[in-house]
Structures are given as C-alpha cells and as structure tokens.
Amino acid sequence: MIFRSWNGYCLCACRAEEFPADAHPADAPFSPLVFLVRREPETSRGMFRISSLAELEEAEGVNCLLPCAQVKPADGGTLAAFVAQNGATVLNLAFQNAFSYLCAQYAAKKTGLRVTLVGLGDVGGTVLTGLKLLGRELEQIRIFDPNEAQCRRYEMELNQVLADTDGRVMPRVTVCSGQALFDCDLFLFTASRGVPGLGSGVKDVRMAQYEANRAMLTHYARMAREARFLGIFCQISDPVDHLSRCVFLESNRAENGTFDAAGLLPEQVQGFGLGVMAARAAYYADKEGVEFTNGRVYGVHGEGLIVANDFGVDYDEAVSQRLTELTRTANLRVRELGFKPYLAPGLSSAAISVLRLVRGQVHYGAVPLNGTYFGCVSRMTRQGLVLIREDICPQLMARITDAHRALREFDY
C-alpha cells in the first residue's frame with residue numbers, strides 16, 4: 001500500500017496513478033484515512049466507512065448486513081490495527097465527483113442546514129410541518145410546488161408558528177424558484193403522480209405510481225447532475241426503493257443516454273419509506289402481544305417487505321410472517337376508513353428519519369447495496385455511510401437474500 005497526504009487526508013492506494021497530482025508522500029497512515037479503489041460504478045458503492053480492514057475487499061451484497069471477520073494485527077499489520085481503532089473511508093474513483101463528495105462530506109454542517117422540499121401534497125405538507133416543528137438543525141426550508149398558491153399558503157402559515165416551548169427559533173419557510181432547487185444541503189422529493197383513488201381496488205398502490213413518478217423524477221435527477229449537487233437527494237414518493245435507483249441512474253447518464261458516472265454518488269441518494277413500516281410493525285406487534293425489542297424491518301416499502309419479530313436467535317418465522325402481512329397492508333386499513341394514509345408516512349418515514357440522518361443517528365432507509373437500494377438500518381458519518389451489521393439468523397437472512405434478489409432483477 002502507498003500512502004500520500006492530500007488536503008489534510010491520508011490517501012491510500014495500491015497504484016501511484018490513483019493519487020491526485022498534488023498529493024505528497026506520507027510515511028505512515030494518519031486520520032482521516034481514505035482508501036482509493038476503482039470499482040464498477042453501476043453496482044458498487046461510492047463512499048462508505050469501514051471499521052475493519054477485511055471490509056475493504058468484502059464482496060458487496062446482503063452479506064454486508066452481517067458482522068465482518070476482523071483482521072488481526074498479525075494478518076494486516078499496523079494498518080489493520082489503525083483501521084480498527086480509527087475507522088477509514090473507502091472512496092470509489094470510478095465516480096467523477098468522488099473527491100468533491102469526499103471533501104463535501106467531511107465539511108458538511110451539522111446545524112444551519114438548508115433543505116429544499118419539492119411537492120406540497122398531503123405527504124409533502126406533513127413532512128414540512130414535521131420538519132418545521134422538529135428540525136432544530138435546519139435554518140431554512142425552501143419549498144417548491146407547481147401550485148403557487150399552495151406554496152404561499154404554507155409560507156404564510158408555518159412562519160406564523162410560535163417558537164417552541166424552549167424558546168428555540170424554528171427554521172424559516174421560504175418559497176424557492178425552480179432554478180435554485182439544488183442550492184441546499186438536502187433535497188427532499190415528495191411529489192407524486194397517479195395515486196390510485198380510494199375506491200380503485202388497486203392492491204399495490206405504491207408500484208402503481210412507478211412509471212408516472214419515474215418520468216417526473218428524471219427531470220430532477222438531471223438537474224442535480226447539472227448543478228453538481230453534493231448534498232443528499234432524499235427520495236420520499238413511492239415506490240421509494242425503485243425510484244431511488246432511478247434517481248441514481250438518471251443522474252449519471254450523459255445526453256446520449258450512456259452511463260458515465262458523472263452524476264450523484266450512490267450514497268447521495270437515499271430512499272425514505274421504511275421508517276413507517278418499522279412504526280407499523282411495532283404497532284401491530286403491540287396489538288398482537290409480540291415482543292418487538294429486537295424487531296426489525298428490511299427490504300422494500302410495500303410488496304417484498306420483511307418484518308422480523310427478532311433479528312437473532314429468537315426469530316420466529318410464523319410470527320414474523322403474520323407481522324409482515326399486517327404491516328404491509330396497514331395502509332389499506334386506513335383507506336378502508338375512507339382516508340388516504342399519509343400522516344404516519346410523512347412523519348415516520350420522512351421527517352423523523354431525515355432528521356435522524358443529519359444527526360448521524362441509526363435510522364431506516366433504502367441505501368445502495370450491490371445495484372439496488374435496499375431498506376435496512378444505517379447511519380451517515382463524515383467517513384461515509386455505515387451499514388449496521390448484526391448477527392442475523394440464517395432463516396431471516398434467507399428472506400433478506402430473496403428480497404434483495406428481486407430488487408436486482410427489477411427492470412429499471
């Protein structure tokens with residue numbers, strides 16, 4: 001391994017040609033340590049954190065949700081010991097904006113954040129209200145919707161909300177122009193087309209929106225590319241997992257349609273739909289008298305969802321399948337009452353989960369995993385995205401593997 005110093009980072013690579021021209025030799029690793037790799041961009045991660053040298057060469061897939069074998073210092077020498085103690089970043093140079101995103105991530109603010117929210121329908125309005133009330137890290141929430149009156153209404157009403165009970169000043173809500181959407185730290189997309197009506201009888205409401213929402217999202221993905229956006233694109237409209245993958249792919253297409261890896265890195269896109277599934281699973285576990293302290297949800301926000309009463313040795317297949325069905329169809333129970341189910345999704349999947357993201361806390365979301373955006377628990381750090389690794393029991397792991405395979409086989 002070769003070490004070089006560059007802009008305060010310790011870069012590490014196997015080949016000298018991977019380093020920037022202005023990098024200087026270094027005798028030993030120091031923090032922050034960044035491993036430079038070059039991997040297939042359509043199916044590989046762009047920037048992520050490792051805590052073991054074994055993770056550097058680990059094959060990508062659902063196995064990354066399991067504990068990784070630790071490299072003993074005797075096997076990896078001082079480098080393995082350094083990574084175990086300090087962590088490190090893996091940066092995929094196949095992406096043209098890799099170094100720019102690396103610097104942006106390490107320089108990212110924790111407070112005073114600017115958010116752009118596109119779409120002020122039922123879900124968007126709920127997300128906006130949640131962020132206004134809870135977003136202590138936010139300085140400004142910029143809103144955009146084709147319905148200008150809707151924008152003006154939310155700007156007026158939410159800026160007339162009193163400071164909270166501790167006297168904290170809440171984020172300002174401002175109307176954003178269509179030309180400045182990506183002048184922000186986080187971009188939240190909640191706009192949606194073709195939502196089936198209450199009496200439509202459509203069983204998978206989320207997938208029914210795929211084609212219409214995909215066509216709409218293409219425009220915004222290309223805008224992010226043109227703006228050289230270095231923040232996080234939070235995909236909230238359904239189907240979350242599939243559309244997150246579409247945003248990533250479309251942002252990386254040249255004008256002739258070829259994939260050129262010149263757009264968003266995979267970790268710059270995250271889908272927010274699984275939070276409400278976790279909340280619904282806990283709700284039904286309580287109703288059914290099921291212990292859910294170690295309960296988990298994985299996979300797709302909709303068909304393909306996996307609920308587990310426990311991720312480890314107390315996993316019960318029958319109980320978990322029952323919870324999965326109750327959770328997956330919970331939105332239909334609300335629709336049967338004559339209402340659209342948007343309150344819990346807007347708060348659990350979006351507002352609360354996005355704030356947990358910016359706080360560096362563990363949260364549910366769809367993140368890049370071997371050519372898919374797969375729902376699991378993760379957290380964001382300056383060193384990159386961290387997948388939460390747990391001793392998942394084999395029977396549950398088989399379900400997770402099947403769900404991941406189905407996402408990989410989807411025709412995007």
# chains A, B, ... in the order shown; residues from 1 in each chain; ligands from 1

call {"tool": "residues_around", "arguments": {"residues": "A:Met223", "least_positions_apart": "3", "cutoff": "10 Å", "atoms": "only C-alpha atoms", "output": "MDAnalysis selection string"}}
result
chainID A and resid 179:182 217:220 226:229 251 263

call {"tool": "residues_around", "arguments": {"residues": "A:Gly124", "least_positions_apart": "5", "cutoff": "8 Å", "atoms": "only C-alpha atoms", "output": "list of chain:residue names"}}
result
A:Leu117, A:Val118, A:Gly119, A:Thr190, A:Ala191, A:Gly346

call {"tool": "write_last_selection", "arguments": {"atoms": "N, CA, C and O atoms", "output": "mmCIF file, in the first residue's frame"}}
result
data_model
loop_
_atom_site.group_PDB
_atom_site.id
_atom_site.type_symbol
_atom_site.label_atom_id
_atom_site.label_comp_id
_atom_site.auth_asym_id
_atom_site.auth_seq_id
_atom_site.Cartn_x
_atom_site.Cartn_y
_atom_site.Cartn_z
ATOM 1 N N LEU A 117 -37.679 21.265 -0.319
ATOM 2 C CA LEU A 117 -38.763 20.280 -0.341
ATOM 3 C C LEU A 117 -39.613 20.507 -1.582
ATOM 4 O O LEU A 117 -40.182 21.583 -1.761
ATOM 5 N N VAL A 118 -39.682 19.498 -2.443
ATOM 6 C CA VAL A 118 -40.469 19.581 -3.668
ATOM 7 C C VAL A 118 -41.716 18.720 -3.528
ATOM 8 O O VAL A 118 -41.625 17.520 -3.273
ATOM 9 N N GLY A 119 -42.874 19.347 -3.683
ATOM 10 C CA GLY A 119 -44.141 18.634 -3.585
ATOM 11 C C GLY A 119 -44.851 18.948 -2.294
ATOM 12 O O GLY A 119 -44.373 18.589 -1.212
ATOM 13 N N THR A 190 -41.096 14.760 -2.621
ATOM 14 C CA THR A 190 -42.327 14.095 -2.196
ATOM 15 C C THR A 190 -43.414 14.142 -3.263
ATOM 16 O O THR A 190 -44.496 13.597 -3.057
ATOM 17 N N ALA A 191 -43.140 14.813 -4.380
ATOM 18 C CA ALA A 191 -44.163 14.960 -5.419
ATOM 19 C C ALA A 191 -44.543 13.593 -5.991
ATOM 20 O O ALA A 191 -43.724 12.678 -6.065
ATOM 21 N N GLY A 346 -45.520 10.442 6.329
ATOM 22 C CA GLY A 346 -44.874 11.742 6.258
ATOM 23 C C GLY A 346 -44.003 12.024 7.468
ATOM 24 O O GLY A 346 -42.948 12.656 7.356
#

call {"tool": "select_by_dssp", "arguments": {"residues": "stretch 66-136 of chain A", "states": "strand (DSSP E or B)", "output": "number ranges by chain"}}
result
A: 88-92, 113-118

call {"tool": "write_last_selection", "arguments": {"atoms": "N, CA and C atoms", "output": "tab-separated table (two decimals), in the first residue's frame"}}
result
chain	number	residue	atom	x	y	z
A	88	ALA	N	-12.00	4.11	8.70
A	88	ALA	CA	-11.45	4.66	7.46
A	88	ALA	C	-12.57	4.78	6.44
A	89	THR	N	-12.29	5.52	5.39
A	89	THR	CA	-13.23	5.71	4.28
A	89	THR	C	-12.75	4.92	3.08
A	90	VAL	N	-13.69	4.33	2.36
A	90	VAL	CA	-13.40	3.72	1.06
A	90	VAL	C	-14.04	4.61	0.00
A	91	LEU	N	-13.24	5.09	-0.95
A	91	LEU	CA	-13.71	6.03	-1.97
A	91	LEU	C	-13.50	5.41	-3.35
A	92	ASN	N	-14.59	5.31	-4.11
A	92	ASN	CA	-14.58	4.69	-5.43
A	92	ASN	C	-14.30	5.74	-6.50
A	113	LEU	N	-28.65	24.02	8.45
A	113	LEU	CA	-28.84	23.34	7.16
A	113	LEU	C	-29.97	23.98	6.35
A	114	ARG	N	-29.77	23.94	5.03
A	114	ARG	CA	-30.79	24.40	4.10
A	114	ARG	C	-31.40	23.19	3.40
A	115	VAL	N	-32.72	23.10	3.44
A	115	VAL	CA	-33.45	21.97	2.86
A	115	VAL	C	-34.36	22.49	1.76
A	116	THR	N	-34.40	21.77	0.64
A	116	THR	CA	-35.39	22.04	-0.40
A	116	THR	C	-36.41	20.91	-0.41
A	117	LEU	N	-37.68	21.27	-0.32
A	117	LEU	CA	-38.76	20.28	-0.34
A	117	LEU	C	-39.61	20.51	-1.58
A	118	VAL	N	-39.68	19.50	-2.44
A	118	VAL	CA	-40.47	19.58	-3.67
A	118	VAL	C	-41.72	18.72	-3.53

call {"tool": "closest_residue", "arguments": {"among": "A:Leu387, A:Leu326, A:Cys151, A:Ala28", "to": "A:Thr78", "atoms": "only C-alpha atoms"}}
result
A:Ala28

call {"tool": "residues_around", "arguments": {"residues": "A:Gly112", "least_positions_apart": "5", "cutoff": "9 Å", "atoms": "only C-alpha atoms", "output": "ChimeraX atom specification"}}
result
/A:136-140,171

call {"tool": "closest_residue", "arguments": {"among": "A:Val362, A:Gln85, A:Asp391, A:Asp241", "to": "A:Ala406", "atoms": "only C-alpha atoms"}}
result
A:Asp241

call {"tool": "closest_residue", "arguments": {"among": "A:Ala80, A:Leu128, A:Ala69, A:Ile306", "to": "A:Leu53", "atoms": "only C-alpha atoms"}}
result
A:Ala80

call {"tool": "residues_around", "arguments": {"residues": "A:Gly61", "least_positions_apart": "6", "cutoff": "10 Å", "atoms": "only C-alpha atoms", "output": "list in words"}}
result
Thr43, Ser44, Pro368, Leu369, Asn370, Gly371, Thr372, Phe374, Thr401, His404 and Arg405 of chain A

call {"tool": "write_last_selection", "arguments": {"atoms": "C-alpha atoms", "output": "PDB file, in the first residue's frame"}}
result
ATOM      1  CA  THR A  43     -23.330  -1.791  -8.992  1.00  0.00           C
ATOM      2  CA  SER A  44     -20.743  -0.650  -6.429  1.00  0.00           C
ATOM      3  CA  PRO A 368     -27.122   1.427  -2.108  1.00  0.00           C
ATOM      4  CA  LEU A 369     -26.355  -2.281  -1.938  1.00  0.00           C
ATOM      5  CA  ASN A 370     -24.992  -4.182  -4.928  1.00  0.00           C
ATOM      6  CA  GLY A 371     -27.008  -2.489  -7.679  1.00  0.00           C
ATOM      7  CA  THR A 372     -30.133  -1.859  -5.607  1.00  0.00           C
ATOM      8  CA  PHE A 374     -32.262  -1.840  -0.126  1.00  0.00           C
ATOM      9  CA  THR A 401     -31.443 -12.545   0.250  1.00  0.00           C
ATOM     10  CA  HIS A 404     -32.581  -8.326  -2.484  1.00  0.00           C
ATOM     11  CA  ARG A 405     -32.501 -10.646  -5.488  1.00  0.00           C
TER      12      ARG A 405
END

call {"tool": "residues_around", "arguments": {"residues": "A:Tyr315", "least_positions_apart": "4", "cutoff": "10 Å", "atoms": "only C-alpha atoms", "output": "PyMOL selection string"}}
result
chain A and resi 294-295+308-311+319-320+392-396

call {"tool": "closest_residue", "arguments": {"among": "A:Tyr298, A:Tyr412, A:Tyr210, A:Phe339", "to": "A:Val62", "atoms": "only C-alpha atoms"}}
result
A:Tyr298
